>>> print(open('run-v2.cif').read())   # mmCIF, C-alpha atoms
data_run
#
loop_
_atom_site.label_atom_id
_atom_site.label_comp_id
_atom_site.auth_asym_id
_atom_site.auth_seq_id
_atom_site.Cartn_x
_atom_site.Cartn_y
_atom_site.Cartn_z
CA MET A 99 -126.85 143.94 104.09
CA LEU A 100 -125.11 141.12 105.94
CA ARG A 101 -122.57 142.17 108.50
CA SER A 102 -119.66 139.89 107.65
CA GLY A 103 -117.70 140.48 110.83
CA ALA A 104 -115.59 137.41 111.50
CA ALA A 105 -112.31 139.28 111.68
CA ARG A 106 -113.80 141.96 113.93
CA LEU A 107 -115.43 139.37 116.17
CA ARG A 108 -112.13 137.53 116.49
CA THR A 109 -110.51 140.79 117.58
CA LEU A 110 -113.28 141.46 120.08
CA GLY A 111 -113.05 137.94 121.43
CA ALA A 112 -109.32 138.23 121.95
CA ARG A 113 -109.67 141.53 123.80
CA ARG A 114 -112.42 140.11 125.98
CA GLY A 115 -110.46 137.02 126.93
CA GLY A 116 -112.05 134.75 124.34
CA ALA A 117 -109.02 134.04 122.19
CA GLY A 118 -108.88 130.44 121.06
CA LYS A 119 -112.57 129.87 121.68
CA PRO A 120 -114.39 130.79 118.48
CA GLY A 121 -118.14 131.17 118.90
CA PRO A 122 -120.94 130.62 116.38
CA ALA A 123 -120.24 133.85 114.52
CA GLN A 124 -116.62 132.92 113.91
CA ARG A 125 -117.53 129.42 112.67
CA TRP A 126 -120.07 130.91 110.25
CA PHE A 127 -117.32 132.66 108.35
CA SER A 128 -114.58 130.06 108.70
CA SER A 129 -114.28 129.98 104.89
CA GLU A 130 -113.08 133.58 104.71
CA LYS A 131 -109.50 134.00 103.55
CA LEU A 132 -107.99 137.07 105.15
CA ILE A 133 -105.23 138.98 103.44
CA PRO A 134 -103.23 139.97 106.55
CA LYS A 135 -102.76 143.68 106.05
CA ASP A 136 -104.63 145.98 108.38
CA ARG A 137 -106.30 148.44 106.01
CA SER A 138 -107.43 150.65 108.90
CA LEU A 139 -103.92 151.99 109.47
CA PRO A 140 -102.66 155.25 107.93
CA ASN A 141 -101.35 155.17 104.37
CA PRO A 142 -99.96 157.94 102.12
CA SER A 143 -103.45 158.83 100.81
CA TRP A 144 -104.75 159.83 104.23
CA SER A 145 -105.34 163.55 104.72
CA LYS A 146 -103.94 165.47 107.66
CA GLU A 147 -107.44 165.56 109.16
CA LEU A 148 -107.88 161.80 108.96
CA ARG A 149 -104.45 161.14 110.47
CA LEU A 150 -105.13 163.54 113.33
CA LEU A 151 -108.46 161.89 114.17
CA PHE A 152 -106.79 158.48 114.08
CA GLU A 153 -104.00 159.61 116.40
CA GLN A 154 -106.44 161.22 118.84
CA PHE A 155 -108.44 158.03 119.22
CA MET A 156 -105.40 155.77 119.39
CA LYS A 157 -104.43 157.78 122.47
CA LYS A 158 -107.91 157.19 123.89
CA CYS A 159 -107.33 153.46 123.44
CA GLU A 160 -104.43 153.57 125.88
CA ASP A 161 -106.70 153.67 128.94
CA GLY A 162 -108.99 150.96 127.57
CA SER A 163 -112.05 153.16 127.12
CA TRP A 164 -111.89 152.85 123.32
CA THR A 165 -110.72 149.99 121.10
CA HIS A 166 -109.29 150.24 117.60
CA MET A 167 -110.90 147.81 115.14
CA PRO A 168 -108.55 146.33 112.53
CA SER A 169 -110.01 145.94 109.04
CA TYR A 170 -108.85 143.50 106.40
CA MET A 171 -109.53 142.66 102.79
CA TYR A 172 -110.95 139.16 102.62
CA LYS A 173 -112.03 136.83 99.88
CA ASN A 174 -115.16 134.79 100.48
CA THR A 175 -115.12 131.17 99.33
CA LEU A 176 -118.71 130.41 100.33
CA ASN A 177 -120.90 129.17 97.51
CA GLY A 178 -122.90 131.78 95.63
CA LYS A 179 -124.84 131.90 92.38
CA LEU A 180 -121.91 133.13 90.31
CA PRO A 181 -119.62 130.75 88.44
CA SER A 182 -116.85 129.46 90.69
CA LYS A 183 -114.20 131.47 88.83
CA GLN A 184 -116.09 134.70 89.53
CA MET A 185 -116.90 133.70 93.12
CA SER A 186 -113.18 133.27 93.76
CA GLN A 187 -112.82 136.99 93.07
CA ALA A 188 -115.51 138.07 95.56
CA GLN A 189 -114.17 140.41 98.24
CA LEU A 190 -115.25 142.99 100.79
CA PHE A 191 -116.68 145.95 98.85
CA THR A 192 -115.26 148.72 101.04
CA ARG A 193 -111.74 147.24 100.88
CA SER A 194 -111.75 146.34 97.17
CA PHE A 195 -110.18 149.60 95.92
CA GLU A 196 -106.50 150.45 95.76
CA GLU A 197 -105.27 152.76 98.51
CA GLY A 198 -106.59 156.28 98.17
CA LEU A 199 -109.07 155.59 95.35
CA GLY A 200 -112.14 154.47 97.30
CA PHE A 201 -113.05 153.96 100.93
CA GLU A 202 -110.39 154.99 103.43
CA TYR A 203 -111.68 154.51 106.96
CA VAL A 204 -110.98 153.37 110.49
CA MET A 205 -113.38 152.45 113.31
CA PHE A 206 -113.17 152.59 117.09
CA TYR A 207 -115.71 151.33 119.60
CA ASN A 208 -116.55 152.08 123.22
CA ASP A 209 -118.03 148.97 124.84
CA ALA A 210 -119.35 150.73 127.93
CA GLU A 211 -121.27 153.32 125.90
CA ASN A 212 -122.36 151.00 123.05
CA ARG A 213 -120.81 153.47 120.60
CA THR A 214 -118.84 153.07 117.39
CA VAL A 215 -117.03 155.94 115.67
CA CYS A 216 -115.86 155.77 112.06
CA PHE A 217 -113.46 158.23 110.45
CA PHE A 218 -113.95 158.14 106.69
CA GLN A 219 -112.36 159.74 103.64
CA GLY A 220 -113.79 159.13 100.16
CA GLY A 221 -111.44 158.82 97.19
CA PRO A 222 -111.88 159.93 93.56
CA TYR A 223 -113.63 156.71 92.47
CA LEU A 224 -116.53 157.57 94.81
CA GLN A 225 -117.55 160.82 93.11
CA GLY A 226 -121.19 161.65 92.51
CA ALA A 227 -121.89 165.26 91.58
CA PRO A 228 -118.62 166.85 90.41
CA GLY A 229 -116.37 167.42 93.40
CA PHE A 230 -118.65 165.67 95.87
CA LEU A 231 -118.99 162.21 97.37
CA HIS A 232 -121.69 159.99 95.86
CA GLY A 233 -124.70 159.51 98.15
CA GLY A 234 -124.40 155.74 97.78
CA ALA A 235 -120.82 155.86 99.05
CA ILE A 236 -121.69 157.60 102.31
CA SER A 237 -124.75 155.34 102.61
CA THR A 238 -122.40 152.36 102.41
CA MET A 239 -120.24 153.71 105.22
CA ILE A 240 -123.28 154.58 107.33
CA ASP A 241 -124.55 151.02 106.92
CA ALA A 242 -121.11 149.61 107.75
CA THR A 243 -120.76 151.72 110.89
CA LEU A 244 -124.29 151.11 112.14
CA GLY A 245 -123.88 147.42 111.39
CA THR A 246 -120.65 147.29 113.37
CA SER A 247 -122.43 148.77 116.40
CA ALA A 248 -125.19 146.19 116.06
CA MET A 249 -122.71 143.36 115.51
CA ILE A 250 -120.77 144.23 118.67
CA ALA A 251 -124.01 144.22 120.65
CA MET A 252 -125.61 141.07 119.18
CA GLY A 253 -123.24 139.09 116.95
CA ILE A 254 -124.01 138.38 113.28
CA VAL A 255 -126.77 140.69 112.05
CA MET A 256 -128.44 141.76 108.81
CA THR A 257 -129.80 145.17 107.86
CA ALA A 258 -133.62 145.16 107.90
CA ASN A 259 -134.19 148.88 107.50
CA LEU A 260 -132.00 151.93 106.87
CA ASN A 261 -133.30 155.52 106.84
CA ILE A 262 -130.95 158.34 105.88
CA THR A 263 -131.58 162.08 105.84
CA PHE A 264 -129.00 163.93 103.75
CA LYS A 265 -128.32 167.44 104.99
CA ARG A 266 -125.24 168.72 103.16
CA PRO A 267 -123.04 167.15 100.45
CA ILE A 268 -119.59 165.92 101.40
CA PRO A 269 -116.64 167.36 99.44
CA LEU A 270 -114.65 164.58 97.77
CA GLY A 271 -111.51 163.72 99.74
CA SER A 272 -112.59 165.38 102.99
CA ALA A 273 -112.63 163.48 106.27
CA VAL A 274 -115.92 162.97 108.10
CA VAL A 275 -116.88 161.51 111.47
CA ILE A 276 -119.67 158.93 111.70
CA ASN A 277 -120.90 158.65 115.29
CA SER A 278 -123.17 155.66 115.93
CA GLN A 279 -124.81 154.18 118.98
CA VAL A 280 -127.11 151.33 119.93
CA ASP A 281 -130.43 152.87 121.01
CA LYS A 282 -132.26 149.76 122.15
CA ILE A 283 -132.48 145.99 121.79
CA GLU A 284 -135.75 144.07 121.59
CA GLY A 285 -135.28 140.33 121.28
CA ARG A 286 -133.39 139.78 118.01
CA LYS A 287 -133.94 143.40 116.92
CA VAL A 288 -131.19 146.01 117.31
CA PHE A 289 -132.08 149.68 116.80
CA VAL A 290 -129.11 151.89 115.94
CA SER A 291 -128.65 155.55 114.95
CA CYS A 292 -125.84 157.82 113.78
CA ASN A 293 -124.90 161.22 112.44
CA VAL A 294 -122.22 162.22 109.95
CA ARG A 295 -120.27 165.41 110.62
CA SER A 296 -117.23 167.19 109.26
CA ALA A 297 -113.90 166.53 110.96
CA ASP A 298 -114.32 169.68 113.07
CA GLU A 299 -117.92 168.56 113.80
CA LYS A 300 -119.28 171.97 112.75
CA THR A 301 -121.14 170.70 109.68
CA LEU A 302 -123.90 168.07 109.86
CA HIS A 303 -123.87 166.09 106.62
CA SER A 304 -126.33 163.26 107.34
CA GLU A 305 -128.41 161.53 109.99
CA ALA A 306 -129.59 157.93 109.97
CA THR A 307 -131.54 155.33 111.91
CA SER A 308 -131.51 151.61 111.28
CA LEU A 309 -132.92 148.27 112.36
CA PHE A 310 -130.76 145.14 112.34
CA ILE A 311 -131.88 141.57 112.96
CA LYS A 312 -129.71 139.01 114.75
CA LEU A 313 -129.29 135.90 112.61
CA GLU A 314 -129.43 132.37 113.92
CA PRO A 315 -126.17 130.43 113.45
CA GLY A 316 -126.46 127.67 110.89
CA LYS A 317 -129.75 128.91 109.45
CA SER A 318 -129.89 129.47 105.70
CA LEU A 319 -130.06 133.09 104.52
CA THR A 320 -132.12 132.21 101.44
#
>>> encode(input="run-v2.cif", output="structure tokens")
Amino acid sequence: MLRSGAARLRTLGARRGGAGKPGPAQRWFSSEKLIPKDRSLPNPSWSKELRLLFEQFMKKCEDGSWTHMPSYMYKNTLNGKLPSKQMSQAQLFTRSFEEGLGFEYVMFYNDAENRTVCFFQGGPYLQGAPGFLHGGAISTMIDATLGTSAMIAMGIVMTANLNITFKRPIPLGSAVVINSQVDKIEGRKVFVSCNVRSADEKTLHSEATSLFIKLEPGKSLT
């Protein structure tokens, strides 16, 4: 899965003194139309657990050790194989639901430790077995979090391999913590791993490892 991270890379560039100097990754996605509402901020659907985790890490951002990553809904105007009318409706999957119905999440990263943490709450449209989150929904968030770690380390990347071990099902509507880190980099390859735990970190829900490949700017994906 392609890590479409233009907005995140713009944020990183600004925080690292690169504002106004877009690099290759930013130019790749210059056709993205952002809808300027930060979807990573609390809304009425957020549980007490999710709000508390958000507040705890926002405090950690004050000393510069962690950075909050804004997240926006965007519409992609790049050419695809769908009719143009349908392509005009294409948007980021994890931000395509109304508030509270699908993916509610926020990410923070620690540059010095090559770590990304995602706090995630799944809404009612993500149900699998009755009362529990669908395995594909948590897989999506695992891929997104691992991909963010790889993107911060290397720029635009694509998922080459994703291995997930499911330990315990996640109750629908509960908040979980996805802890990811970059394990090693070999040329254009980025190896990343993560675990998914309950908000109190007492329950291990999933573990995953993944390989991402850095893409060359301007090179066709097909």
>>> closest_residue(input="run-v2.cif", among="A:Trp164, A:Ala188, A:Ala258, A:Ala306", to="Ile276 (chain A)", atoms="only C-alpha atoms")
A:Ala306
>>> closest_residue(input="run-v2.cif", among="A:Leu150, A:Ile262, A:Ala227, A:Ile311", to="Asn293 (chain A)", atoms="all atoms listed in the file")
A:Ile262
>>> resolve_selection(input="run-v2.cif", expression="the PyMOL selection byres ((chain A and resi 204) around 6)", output="list in words")
Ser138, Tyr203, Met205, Cys216 and Phe217 of chain A
>>> atom_distance(input="run-v2.cif", atom1="CA of Met171 (chain A)", atom2="CA of Arg193 (chain A)")
5.4 Å
>>> atom_distance(input="run-v2.cif", atom1="CA of Pro142 (chain A)", atom2="CA of Leu199 (chain A)")
11.6 Å
>>> closest_residue(input="run-v2.cif", among="A:Tyr207, A:Phe230, A:Phe310, A:Tyr170", to="Leu260 (chain A)", atoms="only C-alpha atoms")
A:Phe310
>>> atom_distance(input="run-v2.cif", atom1="CA of Pro315 (chain A)", atom2="CA of Val280 (chain A)")
21.9 Å
>>> resolve_selection(input="run-v2.cif", expression="the PyMOL selection byres ((chain A and resi 286) around 9)", output="list in words")
Met252, Val255, Ile283, Glu284, Gly285, Lys287, Val288, Phe310, Ile311, Lys312 and Leu313 of chain A
>>> resolve_selection(input="run-v2.cif", expression="the PyMOL selection byres ((chain A and resi 294) around 10)", output="list in words")
Val215, Cys216, Phe217, Phe218, Ile236, Met239, Ile240, Phe264, Lys265, Arg266, Ile268, Val274, Val275, Ile276, Asn277, Ser278, Cys292, Asn293, Arg295, Ser296, Ala297, Glu299, Thr301, Leu302, His303, Ser304, Glu305 and Ala306 of chain A
>>> closest_residue(input="run-v2.cif", among="A:Asn208, A:Ser291, A:Thr263, A:Gln219", to="Ile250 (chain A)", atoms="only C-alpha atoms")
A:Asn208
>>> residues_near_point(input="run-v2.cif", point="(-108.1, 164.2, 111.4)", cutoff="9 Å", atoms="only C-alpha atoms", output="mmCIF file with C-alpha atoms, in the coordinates of the input")
data_model
loop_
_atom_site.group_PDB
_atom_site.id
_atom_site.type_symbol
_atom_site.label_atom_id
_atom_site.label_comp_id
_atom_site.auth_asym_id
_atom_site.auth_seq_id
_atom_site.Cartn_x
_atom_site.Cartn_y
_atom_site.Cartn_z
ATOM 1 C CA SER A 145 -105.340 163.550 104.720
ATOM 2 C CA LYS A 146 -103.940 165.470 107.660
ATOM 3 C CA GLU A 147 -107.440 165.560 109.160
ATOM 4 C CA LEU A 148 -107.880 161.800 108.960
ATOM 5 C CA ARG A 149 -104.450 161.140 110.470
ATOM 6 C CA LEU A 150 -105.130 163.540 113.330
ATOM 7 C CA LEU A 151 -108.460 161.890 114.170
ATOM 8 C CA PHE A 152 -106.790 158.480 114.080
ATOM 9 C CA GLU A 153 -104.000 159.610 116.400
ATOM 10 C CA GLN A 154 -106.440 161.220 118.840
ATOM 11 C CA PHE A 217 -113.460 158.230 110.450
ATOM 12 C CA ALA A 273 -112.630 163.480 106.270
ATOM 13 C CA VAL A 274 -115.920 162.970 108.100
ATOM 14 C CA ALA A 297 -113.900 166.530 110.960
ATOM 15 C CA ASP A 298 -114.320 169.680 113.070
#
>>> closest_residue(input="run-v2.cif", among="A:Thr165, A:Tyr223, A:Met156, A:Phe289", to="Gly200 (chain A)", atoms="all atoms listed in the file")
A:Tyr223
>>> closest_residue(input="run-v2.cif", among="A:Pro134, A:Pro140, A:Pro267, A:Pro168", to="Pro228 (chain A)", atoms="all atoms listed in the file")
A:Pro267
>>> build_atoms(input="run-v2.cif", residues="region 146-161 of chain A", atoms="N, CA, C and O atoms", output="PDB file, in the frame of the given file")
ATOM      1  N   LYS A 146    -104.389 165.050 106.335  1.00  0.00           N
ATOM      2  CA  LYS A 146    -103.940 165.470 107.660  1.00  0.00           C
ATOM      3  C   LYS A 146    -105.059 165.332 108.675  1.00  0.00           C
ATOM      4  O   LYS A 146    -104.836 164.917 109.821  1.00  0.00           O
ATOM      5  N   GLU A 147    -106.282 165.666 108.264  1.00  0.00           N
ATOM      6  CA  GLU A 147    -107.440 165.560 109.160  1.00  0.00           C
ATOM      7  C   GLU A 147    -107.673 164.128 109.603  1.00  0.00           C
ATOM      8  O   GLU A 147    -107.903 163.854 110.790  1.00  0.00           O
ATOM      9  N   LEU A 148    -107.628 163.200 108.638  1.00  0.00           N
ATOM     10  CA  LEU A 148    -107.880 161.800 108.960  1.00  0.00           C
ATOM     11  C   LEU A 148    -106.795 161.237 109.872  1.00  0.00           C
ATOM     12  O   LEU A 148    -107.082 160.507 110.826  1.00  0.00           O
ATOM     13  N   ARG A 149    -105.567 161.589 109.620  1.00  0.00           N
ATOM     14  CA  ARG A 149    -104.450 161.140 110.470  1.00  0.00           C
ATOM     15  C   ARG A 149    -104.594 161.668 111.898  1.00  0.00           C
ATOM     16  O   ARG A 149    -104.347 160.953 112.866  1.00  0.00           O
ATOM     17  N   LEU A 150    -104.989 162.936 112.005  1.00  0.00           N
ATOM     18  CA  LEU A 150    -105.130 163.540 113.330  1.00  0.00           C
ATOM     19  C   LEU A 150    -106.234 162.859 114.127  1.00  0.00           C
ATOM     20  O   LEU A 150    -106.055 162.566 115.319  1.00  0.00           O
ATOM     21  N   LEU A 151    -107.367 162.582 113.496  1.00  0.00           N
ATOM     22  CA  LEU A 151    -108.460 161.890 114.170  1.00  0.00           C
ATOM     23  C   LEU A 151    -108.021 160.498 114.615  1.00  0.00           C
ATOM     24  O   LEU A 151    -108.331 160.062 115.734  1.00  0.00           O
ATOM     25  N   PHE A 152    -107.310 159.803 113.748  1.00  0.00           N
ATOM     26  CA  PHE A 152    -106.790 158.480 114.080  1.00  0.00           C
ATOM     27  C   PHE A 152    -105.878 158.543 115.304  1.00  0.00           C
ATOM     28  O   PHE A 152    -106.013 157.758 116.249  1.00  0.00           O
ATOM     29  N   GLU A 153    -104.946 159.480 115.294  1.00  0.00           N
ATOM     30  CA  GLU A 153    -104.000 159.610 116.400  1.00  0.00           C
ATOM     31  C   GLU A 153    -104.692 159.965 117.712  1.00  0.00           C
ATOM     32  O   GLU A 153    -104.332 159.453 118.780  1.00  0.00           O
ATOM     33  N   GLN A 154    -105.705 160.835 117.640  1.00  0.00           N
ATOM     34  CA  GLN A 154    -106.440 161.220 118.840  1.00  0.00           C
ATOM     35  C   GLN A 154    -107.117 160.025 119.490  1.00  0.00           C
ATOM     36  O   GLN A 154    -107.080 159.849 120.714  1.00  0.00           O
ATOM     37  N   PHE A 155    -107.727 159.174 118.661  1.00  0.00           N
ATOM     38  CA  PHE A 155    -108.440 158.030 119.220  1.00  0.00           C
ATOM     39  C   PHE A 155    -107.509 156.883 119.597  1.00  0.00           C
ATOM     40  O   PHE A 155    -107.829 156.108 120.501  1.00  0.00           O
ATOM     41  N   MET A 156    -106.366 156.777 118.957  1.00  0.00           N
ATOM     42  CA  MET A 156    -105.400 155.770 119.390  1.00  0.00           C
ATOM     43  C   MET A 156    -104.912 156.099 120.803  1.00  0.00           C
ATOM     44  O   MET A 156    -104.673 155.187 121.609  1.00  0.00           O
ATOM     45  N   LYS A 157    -104.806 157.376 121.118  1.00  0.00           N
ATOM     46  CA  LYS A 157    -104.430 157.780 122.470  1.00  0.00           C
ATOM     47  C   LYS A 157    -105.530 157.417 123.466  1.00  0.00           C
ATOM     48  O   LYS A 157    -105.259 157.010 124.603  1.00  0.00           O
ATOM     49  N   LYS A 158    -106.801 157.553 123.018  1.00  0.00           N
ATOM     50  CA  LYS A 158    -107.910 157.190 123.890  1.00  0.00           C
ATOM     51  C   LYS A 158    -107.951 155.683 124.158  1.00  0.00           C
ATOM     52  O   LYS A 158    -108.507 155.240 125.164  1.00  0.00           O
ATOM     53  N   CYS A 159    -107.362 154.916 123.261  1.00  0.00           N
ATOM     54  CA  CYS A 159    -107.330 153.460 123.440  1.00  0.00           C
ATOM     55  C   CYS A 159    -106.367 153.043 124.551  1.00  0.00           C
ATOM     56  O   CYS A 159    -106.468 151.930 125.070  1.00  0.00           O
ATOM     57  N   GLU A 160    -105.451 153.927 124.899  1.00  0.00           N
ATOM     58  CA  GLU A 160    -104.430 153.570 125.880  1.00  0.00           C
ATOM     59  C   GLU A 160    -105.003 153.280 127.262  1.00  0.00           C
ATOM     60  O   GLU A 160    -104.450 152.461 128.003  1.00  0.00           O
ATOM     61  N   ASP A 161    -106.116 153.936 127.626  1.00  0.00           N
ATOM     62  CA  ASP A 161    -106.700 153.670 128.940  1.00  0.00           C
ATOM     63  C   ASP A 161    -107.803 152.608 128.881  1.00  0.00           C
ATOM     64  O   ASP A 161    -108.452 152.320 129.893  1.00  0.00           O
TER      65      ASP A 161
END
